[in-house]
file final.cif (mmCIF, C-alpha atoms)
data_structure
loop_
_atom_site.group_PDB
_atom_site.id
_atom_site.type_symbol
_atom_site.label_atom_id
_atom_site.label_comp_id
_atom_site.auth_asym_id
_atom_site.auth_seq_id
_atom_site.Cartn_x
_atom_site.Cartn_y
_atom_site.Cartn_z
ATOM 1 C CA MET W 97 -35.617 27.785 63.924
ATOM 2 C CA GLY W 98 -37.094 27.782 67.407
ATOM 3 C CA GLU W 99 -38.883 25.123 69.352
ATOM 4 C CA ILE W 100 -41.804 23.420 67.610
ATOM 5 C CA VAL W 101 -45.138 24.801 68.773
ATOM 6 C CA GLN W 102 -47.336 22.268 70.577
ATOM 7 C CA LEU W 103 -51.075 22.216 71.036
ATOM 8 C CA SER W 104 -52.972 20.332 73.694
ATOM 9 C CA ARG W 105 -55.203 17.372 72.954
ATOM 10 C CA ASP W 106 -58.253 19.575 73.591
ATOM 11 C CA GLU W 107 -56.994 22.185 71.110
ATOM 12 C CA LEU W 108 -56.407 19.552 68.406
ATOM 13 C CA GLU W 109 -59.802 17.983 69.122
ATOM 14 C CA GLY W 110 -61.363 21.433 68.661
ATOM 15 C CA ILE W 111 -60.001 21.876 65.139
ATOM 16 C CA ILE W 112 -62.611 20.252 62.902
ATOM 17 C CA THR W 113 -62.255 19.742 59.145
ATOM 18 C CA ASN W 114 -64.961 20.223 56.540
ATOM 19 C CA GLN W 115 -65.600 16.466 56.822
ATOM 20 C CA GLY W 116 -66.377 16.730 60.552
ATOM 21 C CA LEU W 117 -63.166 15.084 61.798
ATOM 22 C CA SER W 118 -60.828 16.541 64.421
ATOM 23 C CA LEU W 119 -57.111 16.908 63.785
ATOM 24 C CA TYR W 120 -56.483 14.886 66.932
ATOM 25 C CA ASP W 121 -58.537 11.908 65.712
ATOM 26 C CA ILE W 122 -57.053 11.976 62.210
ATOM 27 C CA SER W 123 -53.500 12.197 63.593
ATOM 28 C CA ASN W 124 -54.023 9.059 65.643
ATOM 29 C CA ASP W 125 -54.889 7.143 62.463
ATOM 30 C CA ARG W 126 -52.242 8.633 60.182
ATOM 31 C CA PRO W 127 -49.848 11.585 59.893
ATOM 32 C CA ILE W 128 -51.385 14.901 58.861
ATOM 33 C CA LEU W 129 -49.689 17.359 56.543
ATOM 34 C CA LEU W 130 -51.384 20.545 57.801
ATOM 35 C CA VAL W 131 -50.820 23.320 55.267
ATOM 36 C CA PHE W 132 -51.684 26.918 56.136
ATOM 37 C CA LEU W 133 -52.222 28.721 52.849
ATOM 38 C CA ARG W 134 -51.866 32.386 51.997
ATOM 39 C CA HIS W 135 -54.744 34.063 50.214
ATOM 40 C CA LEU W 136 -56.062 31.966 47.328
ATOM 41 C CA GLY W 137 -55.187 34.595 44.710
ATOM 42 C CA CYS W 138 -51.478 34.383 45.541
ATOM 43 C CA ILE W 139 -49.226 32.901 42.836
ATOM 44 C CA PHE W 140 -47.237 31.058 45.532
ATOM 45 C CA CYS W 141 -50.406 29.647 47.082
ATOM 46 C CA ARG W 142 -51.408 28.273 43.674
ATOM 47 C CA GLU W 143 -47.892 26.920 43.180
ATOM 48 C CA ALA W 144 -48.131 25.213 46.598
ATOM 49 C CA LEU W 145 -51.492 23.677 45.659
ATOM 50 C CA LYS W 146 -49.966 22.285 42.453
ATOM 51 C CA ASP W 147 -47.041 20.873 44.462
ATOM 52 C CA ILE W 148 -49.426 19.363 47.047
ATOM 53 C CA SER W 149 -51.569 17.842 44.298
ATOM 54 C CA ARG W 150 -48.470 16.315 42.701
ATOM 55 C CA HIS W 151 -47.316 15.036 46.116
ATOM 56 C CA ARG W 152 -50.763 13.538 46.742
ATOM 57 C CA GLN W 153 -50.796 11.736 43.381
ATOM 58 C CA THR W 154 -47.227 10.486 43.759
ATOM 59 C CA ASN W 155 -47.845 9.179 47.282
ATOM 60 C CA ILE W 156 -51.326 7.744 46.786
ATOM 61 C CA ASP W 157 -50.380 4.535 48.629
ATOM 62 C CA ARG W 158 -48.950 6.336 51.678
ATOM 63 C CA ASP W 159 -51.086 6.528 54.755
ATOM 64 C CA GLU W 160 -51.149 10.292 55.296
ATOM 65 C CA GLU W 161 -53.781 13.003 55.279
ATOM 66 C CA ILE W 162 -53.446 16.447 53.744
ATOM 67 C CA VAL W 163 -55.469 19.144 55.508
ATOM 68 C CA LEU W 164 -55.495 22.671 54.103
ATOM 69 C CA VAL W 165 -56.199 25.749 56.246
ATOM 70 C CA HIS W 166 -57.549 28.808 54.427
ATOM 71 C CA MET W 167 -59.289 32.136 54.944
ATOM 72 C CA GLU W 168 -62.324 31.558 52.723
ATOM 73 C CA SER W 169 -65.704 29.910 53.081
ATOM 74 C CA LEU W 170 -65.726 26.120 52.762
ATOM 75 C CA GLU W 171 -67.676 26.340 49.484
ATOM 76 C CA VAL W 172 -65.308 28.851 47.844
ATOM 77 C CA ALA W 173 -62.277 26.841 48.970
ATOM 78 C CA GLU W 174 -63.681 23.518 47.727
ATOM 79 C CA ARG W 175 -64.351 24.988 44.257
ATOM 80 C CA PHE W 176 -60.878 26.528 44.218
ATOM 81 C CA PHE W 177 -59.135 23.322 45.342
ATOM 82 C CA SER W 178 -60.895 21.318 42.622
ATOM 83 C CA LYS W 179 -58.994 23.392 40.037
ATOM 84 C CA PHE W 180 -55.838 21.722 41.388
ATOM 85 C CA ASP W 181 -57.308 18.208 41.525
ATOM 86 C CA LEU W 182 -57.622 18.492 45.307
ATOM 87 C CA GLN W 183 -61.386 18.066 45.507
ATOM 88 C CA GLY W 184 -62.304 15.956 48.504
ATOM 89 C CA CYS W 185 -59.159 17.065 50.343
ATOM 90 C CA GLN W 186 -59.960 17.905 53.951
ATOM 91 C CA HIS W 187 -59.730 21.567 54.837
ATOM 92 C CA VAL W 188 -60.425 24.021 57.634
ATOM 93 C CA GLU W 189 -61.919 27.494 57.312
ATOM 94 C CA ASP W 190 -60.109 30.123 59.410
ATOM 95 C CA MET W 191 -61.397 33.520 58.282
ATOM 96 C CA SER W 192 -60.554 35.076 61.653
ATOM 97 C CA GLN W 193 -56.974 33.707 61.411
ATOM 98 C CA GLN W 194 -57.098 32.419 64.979
ATOM 99 C CA LEU W 195 -55.493 29.119 63.944
ATOM 100 C CA TYR W 196 -52.768 30.936 62.009
ATOM 101 C CA ARG W 197 -51.902 32.867 65.164
ATOM 102 C CA ARG W 198 -52.197 29.784 67.421
ATOM 103 C CA PHE W 199 -49.656 27.997 65.226
ATOM 104 C CA GLY W 200 -47.330 31.013 65.398
ATOM 105 C CA LEU W 201 -47.869 32.250 61.839
ATOM 106 C CA THR W 202 -47.631 36.022 61.543
ATOM 107 C CA ARG W 203 -48.385 38.663 58.975
ATOM 108 C CA GLY W 204 -45.455 39.246 56.644
ATOM 109 C CA SER W 205 -43.028 42.135 56.653
ATOM 110 C CA PHE W 206 -42.338 44.154 53.513
ATOM 111 C CA SER W 207 -39.227 42.089 52.673
ATOM 112 C CA GLN W 208 -41.034 38.769 53.261
ATOM 113 C CA LEU W 209 -43.820 39.798 50.901
ATOM 114 C CA PHE W 210 -42.094 42.017 48.328
ATOM 115 C CA GLY W 211 -38.333 41.402 48.636
ATOM 116 C CA PHE W 212 -36.110 40.848 45.613
ATOM 117 C CA LYS W 213 -36.090 37.032 45.997
ATOM 118 C CA THR W 214 -39.882 37.008 46.204
ATOM 119 C CA MET W 215 -40.264 39.201 43.129
ATOM 120 C CA VAL W 216 -37.909 37.011 41.068
ATOM 121 C CA ARG W 217 -39.609 33.797 42.244
ATOM 122 C CA GLY W 218 -43.028 35.346 41.578
ATOM 123 C CA PHE W 219 -42.039 36.106 38.014
ATOM 124 C CA GLN W 220 -40.648 32.575 37.532
ATOM 125 C CA ALA W 221 -43.720 30.955 39.082
ATOM 126 C CA GLY W 222 -46.031 33.126 37.003
ATOM 127 C CA ILE W 223 -44.324 32.127 33.774
ATOM 128 C CA SER W 224 -44.112 28.428 34.673
ATOM 129 C CA MET W 225 -47.794 28.369 35.599
ATOM 130 C CA ASP W 226 -48.739 30.618 32.653
ATOM 131 C CA GLN W 227 -50.519 32.987 34.989
ATOM 132 C CA PHE W 228 -49.797 35.937 37.169
ATOM 133 C CA GLY W 229 -51.405 36.969 40.437
ATOM 134 C CA GLY W 230 -55.060 36.939 41.017
ATOM 135 C CA GLN W 231 -57.669 38.594 43.106
ATOM 136 C CA PRO W 232 -56.726 38.264 46.768
ATOM 137 C CA PHE W 233 -58.949 36.135 48.966
ATOM 138 C CA GLY W 234 -58.420 36.617 52.678
ATOM 139 C CA ASP W 235 -55.476 38.507 54.164
ATOM 140 C CA ALA W 236 -52.804 39.193 51.543
ATOM 141 C CA PHE W 237 -50.247 39.838 54.314
ATOM 142 C CA GLN W 238 -50.679 36.455 56.052
ATOM 143 C CA MET W 239 -47.611 34.212 56.033
ATOM 144 C CA PRO W 240 -48.037 30.484 55.283
ATOM 145 C CA GLY W 241 -46.672 27.497 57.179
ATOM 146 C CA ILE W 242 -46.749 23.709 57.311
ATOM 147 C CA PHE W 243 -47.021 21.341 60.263
ATOM 148 C CA VAL W 244 -46.918 17.559 60.458
ATOM 149 C CA ILE W 245 -49.129 16.184 63.232
ATOM 150 C CA HIS W 246 -48.813 12.532 64.256
ATOM 151 C CA LYS W 247 -50.276 10.770 67.285
ATOM 152 C CA GLY W 248 -51.598 14.071 68.644
ATOM 153 C CA MET W 249 -48.207 15.835 68.471
ATOM 154 C CA ILE W 250 -46.665 18.308 66.054
ATOM 155 C CA VAL W 251 -43.554 16.414 64.955
ATOM 156 C CA SER W 252 -42.304 18.636 62.143
ATOM 157 C CA GLU W 253 -42.890 22.150 60.892
ATOM 158 C CA TYR W 254 -41.881 24.552 58.155
ATOM 159 C CA ILE W 255 -42.348 28.258 58.861
ATOM 160 C CA HIS W 256 -41.913 30.276 55.682
ATOM 161 C CA ARG W 257 -39.252 32.983 55.834
ATOM 162 C CA THR W 258 -40.654 34.569 52.669
ATOM 163 C CA VAL W 259 -43.893 33.952 50.810
ATOM 164 C CA SER W 260 -41.849 32.551 47.928
ATOM 165 C CA ASP W 261 -40.305 29.650 49.910
ATOM 166 C CA ARG W 262 -40.988 26.258 48.345
ATOM 167 C CA PRO W 263 -40.807 23.516 51.003
ATOM 168 C CA ASP W 264 -40.204 19.809 50.459
ATOM 169 C CA TYR W 265 -43.435 18.162 51.648
ATOM 170 C CA GLN W 266 -41.982 14.663 51.516
ATOM 171 C CA GLN W 267 -39.041 15.616 53.700
ATOM 172 C CA LEU W 268 -41.433 17.058 56.297
ATOM 173 C CA LEU W 269 -43.378 13.787 56.409
ATOM 174 C CA ASP W 270 -40.296 11.541 56.517
ATOM 175 C CA CYS W 271 -40.119 11.970 60.294
ATOM 176 C CA CYS W 272 -43.240 9.785 60.509
ATOM 177 C CA LEU W 273 -41.773 6.829 58.629
ATOM 178 C CA VAL W 274 -41.195 3.890 60.929
#
call {"tool": "encode", "arguments": {"input": "final.cif", "output": "structure tokens"}}
result
Amino acid sequence: MGEIVQLSRDELEGIITNQGLSLYDISNDRPILLVFLRHLGCIFCREALKDISRHRQTNIDRDEEIVLVHMESLEVAERFFSKFDLQGCQHVEDMSQQLYRRFGLTRGSFSQLFGFKTMVRGFQAGISMDQFGGQPFGDAFQMPGIFVIHKGMIVSEYIHRTVSDRPDYQQLLDCCLV
């Protein structure tokens, strides 16, 4: 993996959540787990939301903030997130995908989106969640990624190699434990 992307203070101050707070200000109070989601109809996106919800419930006493980045309107996203017990979670609308690009997240190649590993994991995830695929919201070719921002700096990142990758959110945040 290459060098961790960095954004300036001004750039982080310019990214405002649905609750009117900048990523820069939040990161100075507590670490941010910034999760760039694929389209909301994606089985792996829904799996990630379940994992994030479980992480949030398990770590309720930890001083961290989860911020989700998505390609839908704030209202659509809020209704969708509530299905995963993530209502009230801060999120950022990025329909133009400018933030995705600024954080170095690209559109997926055929193998990243439809490779054998992805197809097998998609089948497993669909069975375990008792659901398969859904209507795509946003760009179905957009790759996801995760960044931990603390004290105005990106201190950890996870760039998905395939859409079926399942990162360890706790491990990403461990770099902020003092």
call {"tool": "atom_distance", "arguments": {"input": "final.cif", "atom1": "atom CA of Leu129 of chain W", "atom2": "atom CA of Ile162 of chain W"}}
result
4.8 Å
call {"tool": "closest_residue", "arguments": {"input": "final.cif", "among": "W:Cys141, W:Leu269, W:Val251, W:Leu170", "to": "Glu189 of chain W", "atoms": "all atoms listed in the file"}}
result
W:Leu170
call {"tool": "atom_distance", "arguments": {"input": "final.cif", "atom1": "atom CA of Arg197 of chain W", "atom2": "atom CA of Asp270 of chain W"}}
result
25.8 Å
call {"tool": "atom_distance", "arguments": {"input": "final.cif", "atom1": "atom CA of Gly137 of chain W", "atom2": "atom CA of Gln267 of chain W"}}
result
26.5 Å
call {"tool": "closest_residue", "arguments": {"input": "final.cif", "among": "W:Asp125, W:Asp264, W:Glu109, W:Asp190", "to": "Ser252 of chain W", "atoms": "only C-alpha atoms"}}
result
W:Asp264
call {"tool": "closest_residue", "arguments": {"input": "final.cif", "among": "W:Ser118, W:Val101, W:Glu161, W:His151", "to": "Tyr254 of chain W", "atoms": "all atoms listed in the file"}}
result
W:Val101
call {"tool": "resolve_selection", "arguments": {"input": "final.cif", "expression": "the PyMOL selection byres ((chain W and resi 148) around 10)", "output": "ChimeraX atom specification"}}
result
/W:129,131,142-147,149-154,162,164,180-182,264-266
call {"tool": "residues_near_point", "arguments": {"input": "final.cif", "point": "(-66.4, 29.8, 52.1)", "cutoff": "12 Å", "atoms": "only C-alpha atoms", "output": "CSV table (one decimal) with C-alpha atoms, keeping the file's coordinate frame"}}
result
chain,number,residue,atom,x,y,z
W,114,ASN,CA,-65.0,20.2,56.5
W,136,LEU,CA,-56.1,32.0,47.3
W,165,VAL,CA,-56.2,25.7,56.2
W,166,HIS,CA,-57.5,28.8,54.4
W,167,MET,CA,-59.3,32.1,54.9
W,168,GLU,CA,-62.3,31.6,52.7
W,169,SER,CA,-65.7,29.9,53.1
W,170,LEU,CA,-65.7,26.1,52.8
W,171,GLU,CA,-67.7,26.3,49.5
W,172,VAL,CA,-65.3,28.9,47.8
W,173,ALA,CA,-62.3,26.8,49.0
W,174,GLU,CA,-63.7,23.5,47.7
W,175,ARG,CA,-64.4,25.0,44.3
W,176,PHE,CA,-60.9,26.5,44.2
W,177,PHE,CA,-59.1,23.3,45.3
W,187,HIS,CA,-59.7,21.6,54.8
W,188,VAL,CA,-60.4,24.0,57.6
W,189,GLU,CA,-61.9,27.5,57.3
W,190,ASP,CA,-60.1,30.1,59.4
W,191,MET,CA,-61.4,33.5,58.3
W,233,PHE,CA,-58.9,36.1,49.0
W,234,GLY,CA,-58.4,36.6,52.7
call {"tool": "axis_aligned_box", "arguments": {"input": "final.cif", "around": "segment 143-155 of chain W", "padding_each_side": "6 Å", "output": "AutoDock Vina command-line options"}}
result
--center_x -49.3 --center_y 18.0 --center_z 44.9 --size_x 16.5 --size_y 29.7 --size_z 16.8
call {"tool": "closest_residue", "arguments": {"input": "final.cif", "among": "W:Gln183, W:Cys138, W:Ile111, W:Asp106", "to": "Leu195 of chain W", "atoms": "all atoms listed in the file"}}
result
W:Ile111
call {"tool": "residues_near_point", "arguments": {"input": "final.cif", "point": "(-52.4, 18.1, 64.9)", "cutoff": "6 Å", "atoms": "all atoms listed in the file", "output": "ChimeraX atom specification"}}
result
/W:108,119-120,245,248-250
call {"tool": "residues_around", "arguments": {"input": "final.cif", "residues": "Met239 of chain W", "least_positions_apart": "4", "cutoff": "9 Å", "atoms": "all atoms listed in the file", "output": "PyMOL selection string"}}
result
chain W and resi 132-134+196+201-204+208-209+255-259
call {"tool": "residues_around", "arguments": {"input": "final.cif", "residues": "Phe199 of chain W", "least_positions_apart": "4", "cutoff": "9 Å", "atoms": "only C-alpha atoms", "output": "MDAnalysis selection string"}}
result
chainID W and resid 101:103 194:195 241 243
call {"tool": "closest_residue", "arguments": {"input": "final.cif", "among": "W:Ala236, W:Cys185, W:Val163, W:Cys271", "to": "Glu253 of chain W", "atoms": "all atoms listed in the file"}}
result
W:Cys271
